[in-house]
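These notes are about the structure you will find just below.
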Amino acid sequence: MNVLKTSPSSTLLAIAVLAASLVPNSVALRAAPAPTAKDIIARIQQHVGIPWQGETVDTFKAGDPNTPVTGVAVTMMATLDVLQRAAAANQNLIITHEPTFFDHLDRTEGLDSEKDPVYAAKRDFIKAHGLVVWRFHDYWHRRRPDGILTGMVKALGWQPYQSADAPMRFALPPTTLNALAGDIRRRLHAAAMRVVGPPDMQVTRIGFIPGAAPYDMHRRMLQSDAQVLVIGEAREWETVEYVADAVSARQDKALIIIGHIPSEQAGMDECAEWLRGFVPEVPVAFVPAADPFWAPK
């Protein structure tokens, strides 16, 4: 009987080849370089569904875009509290819907020159923890359907009542203004909601404009057959006074002010879910911003 003889070197080579073939694909994937913040934003621009062009606030606000990403935190507002929670969870790319530095354009020249301590605390925390902050506002709203509105309608449970032609308008089952406001407060965890109008007013036609839309947009909705306008916030001498005067004139109008954060928060939860579809390499988490308002007992 002939016995096949092999050299020690060929035996070691065969073992190495066999071991490599047994390495799970997940291990190989983990060994791949992590995407940078700039890489992930480029994917967002490719997947959002509309051309990325013209001036926009959707830009990097802090940090180095070339930073390898360890995790993504998607939030309504990049408050210091949100940044602290993201850093503790090893999420170094923060995607925020609203400004980071207290100004729509995130201009910081005045804060720098004033040596503002609140701005400095936030800026220094971002730098110390190697965070990268990018805003996703304009194009998440421009997406069709609007990403914020989509998430909010789901959170409110209003999908069956949404108008196909006017997605900010809803025909709800008849209820009272007080019951409607209470249901919205519970669903959106709006701790300091404010309402203008008679509590026992019978309502069914609703206009919903999340965030801080301009007064003329609010007014046009109220000029329609909408009975109740639900918004995030407004100047009190504009939309609030307008509705108060409509009530005094015995017109069938009311206003529910949710607060800016709870009026758009679920829309960024929707964004996090959307991102997971094309950012598989790193964890993507929704980090809710706390509503800063509270009402005394």
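Scheme for the structure tokens: letters A, B, ... for chains in order shown; per-chain residue numbers from 1; ligand numbers from 1 in order shown.
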Give me, as a Markdown table, each residue of stretch 123-220 of chain A that comes within 7 Å of stretch 240-263 of chain A, together with its shortest interatomic pair and the distance in Å at one decimal, counting only C-alpha atoms, with rows ordered by chain and rising residue number.
```
| residue | atom | partner | partner_atom | distance |
| --- | --- | --- | --- | --- |
| A:Ala181 | CA | A:Ile256 | CA | 6.9 |
| A:Leu188 | CA | A:Pro262 | CA | 5.8 |
| A:His189 | CA | A:Pro262 | CA | 6.9 |
| A:Ala190 | CA | A:Pro262 | CA | 5.9 |
| A:Met193 | CA | A:Ile258 | CA | 4.9 |
| A:Arg194 | CA | A:Ile257 | CA | 5.2 |
| A:Val195 | CA | A:Ile256 | CA | 4.6 |
| A:Val196 | CA | A:Leu255 | CA | 5.0 |
| A:Gly197 | CA | A:Ala254 | CA | 4.7 |
| A:Pro210 | CA | A:Ser263 | CA | 5.1 |
| A:Gly211 | CA | A:His260 | CA | 5.0 |
| A:Ala212 | CA | A:His260 | CA | 6.7 |
```
Those same residues - N, CA and C atoms - I'd like them written as a short mmCIF file (atom, residue, chain, number, x, y, z; two decimals), in the first residue's frame.
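Resulting contents of selection39.cif:
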```cif
data_model
loop_
_atom_site.label_atom_id
_atom_site.label_comp_id
_atom_site.auth_asym_id
_atom_site.auth_seq_id
_atom_site.Cartn_x
_atom_site.Cartn_y
_atom_site.Cartn_z
N ALA A 181 -57.27 67.39 21.95
CA ALA A 181 -56.02 67.87 22.54
C ALA A 181 -55.44 66.84 23.51
N LEU A 188 -48.08 62.12 21.75
CA LEU A 188 -46.82 62.80 21.43
C LEU A 188 -46.02 63.20 22.67
N HIS A 189 -46.53 62.85 23.84
CA HIS A 189 -45.85 63.17 25.10
C HIS A 189 -45.55 64.68 25.18
N ALA A 190 -46.56 65.47 24.86
CA ALA A 190 -46.43 66.93 24.87
C ALA A 190 -46.80 67.44 26.26
N MET A 193 -48.66 71.50 26.44
CA MET A 193 -49.52 71.90 25.33
C MET A 193 -50.36 73.12 25.72
N ARG A 194 -50.68 73.96 24.72
CA ARG A 194 -51.59 75.09 24.92
C ARG A 194 -52.68 75.04 23.86
N VAL A 195 -53.89 75.43 24.25
CA VAL A 195 -55.06 75.33 23.38
C VAL A 195 -55.82 76.64 23.40
N VAL A 196 -56.26 77.09 22.21
CA VAL A 196 -57.12 78.25 22.07
C VAL A 196 -58.45 77.76 21.48
N GLY A 197 -59.55 78.06 22.17
CA GLY A 197 -60.86 77.66 21.67
C GLY A 197 -61.69 77.00 22.76
N PRO A 210 -46.57 70.88 11.37
CA PRO A 210 -45.57 70.70 12.42
C PRO A 210 -44.49 71.77 12.37
N GLY A 211 -43.78 71.91 13.50
CA GLY A 211 -42.65 72.82 13.54
C GLY A 211 -43.05 74.27 13.71
N ALA A 212 -42.25 75.16 13.14
CA ALA A 212 -42.45 76.61 13.28
C ALA A 212 -42.66 77.23 11.91
#
```
Which residues are close to stretch 134-143 of chain A, i.e. within 7 Å by only C-alpha atoms, leaving aside same-chain residues fewer than 3 positions away? Reply as an mmCIF file with C-alpha atoms, in the first residue's frame.
```cif
data_model
loop_
_atom_site.group_PDB
_atom_site.id
_atom_site.type_symbol
_atom_site.label_atom_id
_atom_site.label_comp_id
_atom_site.auth_asym_id
_atom_site.auth_seq_id
_atom_site.Cartn_x
_atom_site.Cartn_y
_atom_site.Cartn_z
ATOM 1 C CA VAL A 48 -33.379 61.101 -0.520
ATOM 2 C CA GLY A 49 -35.057 60.998 -3.906
ATOM 3 C CA ILE A 50 -34.645 64.603 -5.075
ATOM 4 C CA THR A 56 -29.501 74.643 2.145
ATOM 5 C CA VAL A 57 -28.968 74.474 5.897
ATOM 6 C CA ASP A 58 -28.325 70.730 5.499
ATOM 7 C CA THR A 59 -24.574 70.948 6.106
ATOM 8 C CA PHE A 60 -21.949 69.881 8.642
ATOM 9 C CA LYS A 61 -22.138 72.041 11.770
ATOM 10 C CA ILE A 94 -25.166 63.189 15.100
ATOM 11 C CA ILE A 95 -27.855 63.860 12.495
ATOM 12 C CA THR A 96 -30.110 66.631 13.775
ATOM 13 C CA HIS A 97 -33.221 68.177 12.272
ATOM 14 C CA GLU A 98 -32.867 71.546 13.982
ATOM 15 C CA ASP A 146 -42.345 64.751 3.595
ATOM 16 C CA GLY A 147 -40.294 62.664 6.049
ATOM 17 C CA ILE A 148 -41.319 64.617 9.138
#
```
If we count only C-alpha atoms and set the cut-off at 12 Å, which residues sit around stretch 124-128 of chain A, ignoring sequence neighbours fewer than 5 positions away in its own chain? Please answer as an mmCIF file with N, CA and C atoms, in the first residue's frame.
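around-v9.cif written:
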```
data_model
loop_
_atom_site.group_PDB
_atom_site.id
_atom_site.type_symbol
_atom_site.label_atom_id
_atom_site.label_comp_id
_atom_site.auth_asym_id
_atom_site.auth_seq_id
_atom_site.Cartn_x
_atom_site.Cartn_y
_atom_site.Cartn_z
ATOM 1 N N LYS A 61 -22.133 70.939 10.816
ATOM 2 C CA LYS A 61 -22.138 72.041 11.770
ATOM 3 C C LYS A 61 -20.952 71.987 12.726
ATOM 4 N N ALA A 62 -20.383 70.829 12.939
ATOM 5 C CA ALA A 62 -19.251 70.690 13.855
ATOM 6 C C ALA A 62 -18.552 69.373 13.569
ATOM 7 N N GLY A 63 -17.250 69.317 13.878
ATOM 8 C CA GLY A 63 -16.490 68.081 13.723
ATOM 9 C C GLY A 63 -15.899 67.904 12.336
ATOM 10 N N ASP A 64 -15.128 66.843 12.184
ATOM 11 C CA ASP A 64 -14.417 66.533 10.947
ATOM 12 C C ASP A 64 -15.225 65.541 10.125
ATOM 13 N N ALA A 78 -30.137 68.647 18.448
ATOM 14 C CA ALA A 78 -28.865 68.235 19.041
ATOM 15 C C ALA A 78 -28.567 69.070 20.282
ATOM 16 N N THR A 79 -29.394 68.908 21.295
ATOM 17 C CA THR A 79 -29.149 69.576 22.569
ATOM 18 C C THR A 79 -27.917 68.960 23.224
ATOM 19 N N LEU A 80 -27.383 69.644 24.223
ATOM 20 C CA LEU A 80 -26.231 69.087 24.933
ATOM 21 C C LEU A 80 -26.601 67.765 25.591
ATOM 22 N N ASP A 81 -27.812 67.653 26.086
ATOM 23 C CA ASP A 81 -28.274 66.396 26.674
ATOM 24 C C ASP A 81 -28.240 65.269 25.652
ATOM 25 N N VAL A 82 -28.702 65.526 24.437
ATOM 26 C CA VAL A 82 -28.666 64.520 23.370
ATOM 27 C C VAL A 82 -27.222 64.160 23.037
ATOM 28 N N LEU A 83 -26.349 65.156 22.925
ATOM 29 C CA LEU A 83 -24.944 64.893 22.611
ATOM 30 C C LEU A 83 -24.287 64.042 23.693
ATOM 31 N N GLN A 84 -24.617 64.305 24.927
ATOM 32 C CA GLN A 84 -24.055 63.518 26.032
ATOM 33 C C GLN A 84 -24.511 62.074 25.966
ATOM 34 N N ARG A 85 -25.774 61.854 25.682
ATOM 35 C CA ARG A 85 -26.278 60.487 25.588
ATOM 36 C C ARG A 85 -25.709 59.761 24.371
ATOM 37 N N ALA A 86 -25.544 60.483 23.271
ATOM 38 C CA ALA A 86 -24.967 59.871 22.072
ATOM 39 C C ALA A 86 -23.509 59.471 22.314
ATOM 40 N N ALA A 87 -22.739 60.367 22.913
ATOM 41 C CA ALA A 87 -21.335 60.058 23.182
ATOM 42 C C ALA A 87 -21.204 58.859 24.113
ATOM 43 N N ALA A 88 -22.077 58.777 25.119
ATOM 44 C CA ALA A 88 -22.022 57.649 26.052
ATOM 45 C C ALA A 88 -22.341 56.327 25.358
ATOM 46 N N GLN A 91 -21.926 56.819 19.782
ATOM 47 C CA GLN A 91 -22.514 57.311 18.530
ATOM 48 C C GLN A 91 -21.858 58.657 18.228
ATOM 49 N N ASN A 92 -20.961 58.675 17.247
ATOM 50 C CA ASN A 92 -20.175 59.894 17.028
ATOM 51 C C ASN A 92 -20.634 60.738 15.842
ATOM 52 N N LEU A 93 -21.593 60.241 15.055
ATOM 53 C CA LEU A 93 -22.217 61.070 14.012
ATOM 54 C C LEU A 93 -23.623 61.418 14.469
ATOM 55 N N ILE A 94 -23.866 62.710 14.648
ATOM 56 C CA ILE A 94 -25.166 63.189 15.100
ATOM 57 C C ILE A 94 -25.876 63.815 13.914
ATOM 58 N N THR A 100 -27.944 73.478 15.843
ATOM 59 C CA THR A 100 -27.145 73.072 16.989
ATOM 60 C C THR A 100 -26.756 74.274 17.852
ATOM 61 N N PHE A 101 -26.485 75.398 17.195
ATOM 62 C CA PHE A 101 -25.955 76.563 17.911
ATOM 63 C C PHE A 101 -26.924 77.746 17.931
ATOM 64 N N ASP A 116 -19.427 83.334 24.898
ATOM 65 C CA ASP A 116 -20.649 82.821 25.537
ATOM 66 C C ASP A 116 -20.379 81.483 26.218
ATOM 67 N N PRO A 117 -20.709 81.332 27.499
ATOM 68 C CA PRO A 117 -20.366 80.103 28.226
ATOM 69 C C PRO A 117 -21.204 78.893 27.832
ATOM 70 N N VAL A 118 -22.453 79.115 27.422
ATOM 71 C CA VAL A 118 -23.304 77.986 27.018
ATOM 72 C C VAL A 118 -22.817 77.415 25.692
ATOM 73 N N TYR A 119 -22.565 78.302 24.738
ATOM 74 C CA TYR A 119 -22.005 77.871 23.461
ATOM 75 C C TYR A 119 -20.666 77.169 23.667
ATOM 76 N N VAL A 133 -21.416 66.709 13.744
ATOM 77 C CA VAL A 133 -22.839 67.078 13.724
ATOM 78 C C VAL A 133 -23.212 67.550 12.324
#
```
message: I need the residues in stretch 18-227 of chain A that are strand (DSSP E) according to DSSP; give them as a PyMOL selection string.
response: chain A and resi 60-62+72-75+93-96+132-135+169-176+194-196+202-209
Take the residues from that selection and put them in a file with N, CA and C atoms, as a compact mmCIF listing (two decimals), in the first residue's frame.
```txt
# COMPACT_ATOMS: atom_id res chain seq x y z
N PHE A 60 -22.66 70.22 7.41
CA PHE A 60 -21.95 69.88 8.64
C PHE A 60 -21.87 71.13 9.53
N LYS A 61 -22.13 70.94 10.82
CA LYS A 61 -22.14 72.04 11.77
C LYS A 61 -20.95 71.99 12.73
N ALA A 62 -20.38 70.83 12.94
CA ALA A 62 -19.25 70.69 13.86
C ALA A 62 -18.55 69.37 13.57
N VAL A 72 -24.48 56.09 14.67
CA VAL A 72 -25.21 57.27 14.24
C VAL A 72 -26.35 57.54 15.22
N ALA A 73 -26.44 58.78 15.69
CA ALA A 73 -27.55 59.21 16.53
C ALA A 73 -28.41 60.18 15.72
N VAL A 74 -29.66 59.81 15.50
CA VAL A 74 -30.60 60.66 14.76
C VAL A 74 -31.51 61.32 15.78
N THR A 75 -31.65 62.64 15.69
CA THR A 75 -32.40 63.36 16.72
C THR A 75 -33.16 64.53 16.12
N LEU A 93 -21.59 60.24 15.05
CA LEU A 93 -22.22 61.07 14.01
C LEU A 93 -23.62 61.42 14.47
N ILE A 94 -23.87 62.71 14.65
CA ILE A 94 -25.17 63.19 15.10
C ILE A 94 -25.88 63.81 13.91
N ILE A 95 -27.04 63.29 13.56
CA ILE A 95 -27.85 63.86 12.50
C ILE A 95 -29.05 64.53 13.16
N THR A 96 -29.09 65.85 13.08
CA THR A 96 -30.11 66.63 13.78
C THR A 96 -31.01 67.35 12.79
N VAL A 132 -19.27 64.51 15.31
CA VAL A 132 -19.53 65.20 14.05
C VAL A 132 -21.03 65.47 13.99
N VAL A 133 -21.42 66.71 13.74
CA VAL A 133 -22.84 67.08 13.72
C VAL A 133 -23.21 67.55 12.32
N TRP A 134 -24.27 66.96 11.79
CA TRP A 134 -24.78 67.32 10.45
C TRP A 134 -26.28 67.55 10.55
N ARG A 135 -26.75 68.59 9.90
CA ARG A 135 -28.18 68.92 9.95
C ARG A 135 -28.91 68.34 8.74
N ARG A 169 -54.05 67.91 5.81
CA ARG A 169 -55.44 68.05 6.21
C ARG A 169 -56.03 66.67 6.51
N PHE A 170 -56.89 66.64 7.54
CA PHE A 170 -57.42 65.37 8.04
C PHE A 170 -58.90 65.53 8.38
N ALA A 171 -59.65 64.48 8.14
CA ALA A 171 -61.06 64.42 8.53
C ALA A 171 -61.20 63.32 9.58
N LEU A 172 -61.15 63.70 10.84
CA LEU A 172 -61.18 62.75 11.95
C LEU A 172 -62.62 62.43 12.34
N PRO A 173 -62.83 61.32 13.02
CA PRO A 173 -64.16 61.07 13.59
C PRO A 173 -64.53 62.22 14.53
N PRO A 174 -65.80 62.61 14.58
CA PRO A 174 -66.20 63.75 15.41
C PRO A 174 -65.80 63.56 16.87
N THR A 175 -65.30 64.65 17.46
CA THR A 175 -64.87 64.63 18.85
C THR A 175 -64.93 66.06 19.38
N THR A 176 -64.56 66.27 20.62
CA THR A 176 -64.48 67.63 21.15
C THR A 176 -63.04 68.12 21.07
N ARG A 194 -50.68 73.96 24.72
CA ARG A 194 -51.59 75.09 24.92
C ARG A 194 -52.68 75.04 23.86
N VAL A 195 -53.89 75.43 24.25
CA VAL A 195 -55.06 75.33 23.38
C VAL A 195 -55.82 76.64 23.40
N VAL A 196 -56.26 77.09 22.21
CA VAL A 196 -57.12 78.25 22.07
C VAL A 196 -58.45 77.76 21.48
N GLN A 202 -67.23 71.00 19.02
CA GLN A 202 -67.26 69.78 18.23
C GLN A 202 -66.37 69.96 17.00
N VAL A 203 -65.44 69.02 16.80
CA VAL A 203 -64.46 69.18 15.71
C VAL A 203 -64.31 67.88 14.94
N THR A 204 -63.96 68.02 13.68
CA THR A 204 -63.64 66.87 12.84
C THR A 204 -62.60 67.21 11.77
N ARG A 205 -62.57 68.46 11.30
CA ARG A 205 -61.66 68.86 10.22
C ARG A 205 -60.41 69.52 10.82
N ILE A 206 -59.27 68.88 10.59
CA ILE A 206 -58.01 69.28 11.24
C ILE A 206 -56.97 69.64 10.20
N GLY A 207 -56.23 70.72 10.48
CA GLY A 207 -55.03 71.05 9.71
C GLY A 207 -53.82 70.88 10.61
N PHE A 208 -52.81 70.16 10.14
CA PHE A 208 -51.62 69.89 10.96
C PHE A 208 -50.39 70.42 10.24
N ILE A 209 -49.72 71.41 10.87
CA ILE A 209 -48.50 71.99 10.31
C ILE A 209 -47.43 71.89 11.39
```
field: DSSP alpha helix (DSSP H) residues within stretch 71-281 of chain A, as a PyMOL selection string
entry: chain A and resi 80-88+109-114+117-128+138-142+147-156+177-188+215-223+241-248+260-276
Using only C-alpha atoms, please write the residues we just selected to a file, as a PDB file, in the first residue's frame.
```
ATOM      1  CA  LEU A  80     -26.231  69.087  24.933  1.00  0.00           C
ATOM      2  CA  ASP A  81     -28.274  66.396  26.674  1.00  0.00           C
ATOM      3  CA  VAL A  82     -28.666  64.520  23.370  1.00  0.00           C
ATOM      4  CA  LEU A  83     -24.944  64.893  22.611  1.00  0.00           C
ATOM      5  CA  GLN A  84     -24.055  63.518  26.032  1.00  0.00           C
ATOM      6  CA  ARG A  85     -26.278  60.487  25.588  1.00  0.00           C
ATOM      7  CA  ALA A  86     -24.967  59.871  22.072  1.00  0.00           C
ATOM      8  CA  ALA A  87     -21.335  60.058  23.182  1.00  0.00           C
ATOM      9  CA  ALA A  88     -22.022  57.649  26.052  1.00  0.00           C
ATOM     10  CA  GLU A 109     -19.371  84.538  15.224  1.00  0.00           C
ATOM     11  CA  GLY A 110     -21.327  86.526  17.799  1.00  0.00           C
ATOM     12  CA  LEU A 111     -21.188  83.719  20.352  1.00  0.00           C
ATOM     13  CA  ASP A 112     -17.422  83.462  19.857  1.00  0.00           C
ATOM     14  CA  SER A 113     -16.869  87.182  20.244  1.00  0.00           C
ATOM     15  CA  GLU A 114     -19.046  87.274  23.372  1.00  0.00           C
ATOM     16  CA  PRO A 117     -20.366  80.103  28.226  1.00  0.00           C
ATOM     17  CA  VAL A 118     -23.304  77.986  27.018  1.00  0.00           C
ATOM     18  CA  TYR A 119     -22.005  77.871  23.461  1.00  0.00           C
ATOM     19  CA  ALA A 120     -18.488  77.145  24.753  1.00  0.00           C
ATOM     20  CA  ALA A 121     -19.694  74.212  26.857  1.00  0.00           C
ATOM     21  CA  LYS A 122     -21.421  72.645  23.861  1.00  0.00           C
ATOM     22  CA  ARG A 123     -18.605  73.344  21.399  1.00  0.00           C
ATOM     23  CA  ASP A 124     -15.998  71.974  23.785  1.00  0.00           C
ATOM     24  CA  PHE A 125     -18.007  68.816  24.495  1.00  0.00           C
ATOM     25  CA  ILE A 126     -18.316  68.100  20.767  1.00  0.00           C
ATOM     26  CA  LYS A 127     -14.566  68.562  20.287  1.00  0.00           C
ATOM     27  CA  ALA A 128     -13.557  66.577  23.374  1.00  0.00           C
ATOM     28  CA  ASP A 138     -34.572  71.018   4.214  1.00  0.00           C
ATOM     29  CA  TYR A 139     -34.299  67.837   2.209  1.00  0.00           C
ATOM     30  CA  TRP A 140     -36.094  65.637   4.751  1.00  0.00           C
ATOM     31  CA  HIS A 141     -39.028  68.048   4.410  1.00  0.00           C
ATOM     32  CA  ARG A 142     -38.653  68.279   0.610  1.00  0.00           C
ATOM     33  CA  GLY A 147     -40.294  62.664   6.049  1.00  0.00           C
ATOM     34  CA  ILE A 148     -41.319  64.617   9.138  1.00  0.00           C
ATOM     35  CA  LEU A 149     -45.019  64.592   8.284  1.00  0.00           C
ATOM     36  CA  THR A 150     -44.910  60.856   7.519  1.00  0.00           C
ATOM     37  CA  GLY A 151     -43.510  59.987  10.934  1.00  0.00           C
ATOM     38  CA  MET A 152     -45.831  62.349  12.769  1.00  0.00           C
ATOM     39  CA  VAL A 153     -48.969  61.048  11.086  1.00  0.00           C
ATOM     40  CA  LYS A 154     -47.979  57.510  12.076  1.00  0.00           C
ATOM     41  CA  ALA A 155     -47.387  58.589  15.682  1.00  0.00           C
ATOM     42  CA  LEU A 156     -50.791  60.284  15.808  1.00  0.00           C
ATOM     43  CA  LEU A 177     -61.554  70.020  21.121  1.00  0.00           C
ATOM     44  CA  ASN A 178     -60.682  68.964  24.657  1.00  0.00           C
ATOM     45  CA  ALA A 179     -60.670  65.242  23.779  1.00  0.00           C
ATOM     46  CA  LEU A 180     -58.621  65.870  20.630  1.00  0.00           C
ATOM     47  CA  ALA A 181     -56.024  67.870  22.542  1.00  0.00           C
ATOM     48  CA  GLY A 182     -55.817  65.206  25.250  1.00  0.00           C
ATOM     49  CA  ASP A 183     -55.285  62.432  22.703  1.00  0.00           C
ATOM     50  CA  ILE A 184     -52.525  64.395  20.947  1.00  0.00           C
ATOM     51  CA  ARG A 185     -50.834  65.117  24.277  1.00  0.00           C
ATOM     52  CA  ARG A 186     -50.797  61.433  25.208  1.00  0.00           C
ATOM     53  CA  ARG A 187     -49.577  60.200  21.823  1.00  0.00           C
ATOM     54  CA  LEU A 188     -46.816  62.799  21.431  1.00  0.00           C
ATOM     55  CA  TYR A 215     -47.890  82.929  10.013  1.00  0.00           C
ATOM     56  CA  ASP A 216     -49.177  83.182   6.447  1.00  0.00           C
ATOM     57  CA  MET A 217     -49.064  79.392   6.127  1.00  0.00           C
ATOM     58  CA  HIS A 218     -51.026  79.054   9.375  1.00  0.00           C
ATOM     59  CA  ARG A 219     -53.506  81.720   8.231  1.00  0.00           C
ATOM     60  CA  ARG A 220     -54.174  80.077   4.887  1.00  0.00           C
ATOM     61  CA  MET A 221     -54.935  76.788   6.621  1.00  0.00           C
ATOM     62  CA  LEU A 222     -57.359  78.575   8.956  1.00  0.00           C
ATOM     63  CA  GLN A 223     -58.998  80.300   5.977  1.00  0.00           C
ATOM     64  CA  GLU A 241     -54.122  86.374  18.267  1.00  0.00           C
ATOM     65  CA  TYR A 242     -55.734  85.495  14.914  1.00  0.00           C
ATOM     66  CA  VAL A 243     -57.412  82.402  16.361  1.00  0.00           C
ATOM     67  CA  ALA A 244     -58.387  84.204  19.577  1.00  0.00           C
ATOM     68  CA  ASP A 245     -60.122  86.842  17.478  1.00  0.00           C
ATOM     69  CA  ALA A 246     -61.829  84.159  15.374  1.00  0.00           C
ATOM     70  CA  VAL A 247     -63.190  82.626  18.580  1.00  0.00           C
ATOM     71  CA  SER A 248     -64.446  86.036  19.768  1.00  0.00           C
ATOM     72  CA  HIS A 260     -41.760  72.397  18.443  1.00  0.00           C
ATOM     73  CA  ILE A 261     -39.960  69.256  19.566  1.00  0.00           C
ATOM     74  CA  PRO A 262     -42.991  66.986  20.058  1.00  0.00           C
ATOM     75  CA  SER A 263     -44.528  68.296  16.832  1.00  0.00           C
ATOM     76  CA  GLU A 264     -41.655  66.871  14.729  1.00  0.00           C
ATOM     77  CA  GLN A 265     -39.938  64.298  16.945  1.00  0.00           C
ATOM     78  CA  ALA A 266     -41.532  61.196  15.414  1.00  0.00           C
ATOM     79  CA  GLY A 267     -40.453  62.426  11.988  1.00  0.00           C
ATOM     80  CA  MET A 268     -36.824  61.900  12.965  1.00  0.00           C
ATOM     81  CA  ASP A 269     -37.619  58.469  14.370  1.00  0.00           C
ATOM     82  CA  GLU A 270     -38.907  57.787  10.850  1.00  0.00           C
ATOM     83  CA  CYS A 271     -35.584  59.112   9.519  1.00  0.00           C
ATOM     84  CA  ALA A 272     -33.571  56.693  11.664  1.00  0.00           C
ATOM     85  CA  GLU A 273     -35.612  53.766  10.338  1.00  0.00           C
ATOM     86  CA  TRP A 274     -35.062  54.981   6.777  1.00  0.00           C
ATOM     87  CA  LEU A 275     -31.287  55.300   7.307  1.00  0.00           C
ATOM     88  CA  ARG A 276     -30.992  51.717   8.536  1.00  0.00           C
TER      89      ARG A 276
END
```
field: Å distance separating atom CA of A:Thr36 from atom CA of A:Val69, one decimal place
entry: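 Taking atom CA of A:Thr36 as the start and atom CA of A:Val69 as the end point, the length is 5.3 Å.
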query: When you draw a straight line from atom CA of A:Arg235 to atom CA of A:Lys297, how long is it in Å?
result: 25.4 Å
- request: Take atom CA of A:Ala89 and atom CA of A:Ile44 and report the distance between them in Å, one decimal.
  value: 22.4 Å
